[in-house]
Structure formats: structure tokens, C-alpha cells
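Student: Before I ask anything, let me first share the structure, which is written out below as C-alpha cells.
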Amino acid sequence: MASRASDTLPAVPDRPILALLLGDVVRLRRTHPCGGDTWLVDRLGADIGLRCQTCGRHVLIERATLERRFAAFVQRGDPTITAAVEDAAGKARPAPDRRS
């Protein structure tokens, strides 16, 4: 008897994916060793780039880990900046030519 895909795949989470923008300032559940708990989002993708607002340290954290540790938005970033960066990144990497 063959197993169904739903038996082998992980369950889909109930909550939606956290919508992050460049320039967001977020508060995480854990504090940084410097004592700061607010972080500036400066990179988006599978890994999220965060800069500590207290000491300036930069870290990369997996999106799933960030979503687990997320407590609140302190300040929202600008959606137009995020859209402009995503557009520029899309234009910078043209699709590879698959004709052979």
C-alpha cells in the first residue's frame, strides 16, 4: 500500500507568514547580550538580516526562527523601499538561458 503525500509532508502552520518590510523595527522575545531587544530589518529572504538597535551588531536569522521569536512591531518600514529593492533584485538576475 502506497503512502499518501499528506502522511509524509509536515503540516502547514495555522498562522500566515509574517509580512516583513525593509526598515521594520521589531521586538524579539529574547534580549541580545548587550541588553537590547529591538532590531532593524535590513535584509529579506530565506534568512532575515537584523541589526541590534542598541549595539549595532548584525546577525542573520532563519525566517522560521524569527517568526517563533517575534514579539511585536515597534515601527513599520516603508513598503515602497521594499518593493524597489525586490524589483531591482529581480532585474539584476535575469533568467538563465535554458536553450541548448
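All residue names refer to the C-alpha cells as shown: chains lettered A, B, ... in order, residues numbered from 1 in each chain, ligands numbered from 1 in order.
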Using only C-alpha atoms, determine which residues lie at most 9 Å from Ala71 of chain A, disregarding the query and same-chain residues fewer than 5 positions distant; provide the list as number ranges by chain.
Tutor: A: 26-29
Student: Write the selection just made, keeping C-alpha atoms, as a JSON list (two decimals), in the first residue's frame?
Tutor:
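File selection.json, as written:
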[["chain", "number", "residue", "atom", "x", "y", "z"],
["A", 26, "VAL", "CA", 10.89, 44.50, 15.64],
["A", 27, "ARG", "CA", 10.98, 43.36, 19.25],
["A", 28, "LEU", "CA", 12.01, 39.77, 19.88],
["A", 29, "ARG", "CA", 11.25, 37.62, 22.91]]
Student: Please identify all polymer residues within 12 Å of Pro79 of chain A, counting only C-alpha atoms, omitting same-chain residues fewer than 6 positions from it, and present them as JSON, numbers by chain.
Tutor: {"A": [19, 20, 21, 22, 23, 24, 85, 86]}
Student: Those same residues, written as a compact mmCIF listing (two decimals), in the first residue's frame with C-alpha atoms?
Tutor:
# COMPACT_ATOMS: atom_id res chain seq x y z
CA ALA A 19 4.97 40.11 6.43
CA LEU A 20 8.26 41.93 6.94
CA LEU A 21 9.42 45.13 5.26
CA LEU A 22 12.89 46.62 4.96
CA GLY A 23 13.26 49.17 7.73
CA ASP A 24 10.89 47.42 10.17
CA VAL A 85 14.69 46.60 -3.77
CA GLU A 86 12.75 43.49 -4.80
Student: So which residues touch Ile61 of chain A within 12 Å, counting only C-alpha atoms, skipping near sequence neighbours fewer than 2 positions away, as an MDAnalysis selection string?
Tutor: chainID A and resid 28 39 41:51 58:59 63:70
Student: In Å to one decimal, how far is atom CA of Gly77 of chain A from atom CA of Leu40 of chain A?
Tutor: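 Result for atom CA of Leu40 of chain A versus atom CA of Gly77 of chain A: 9.2 Å, one decimal.
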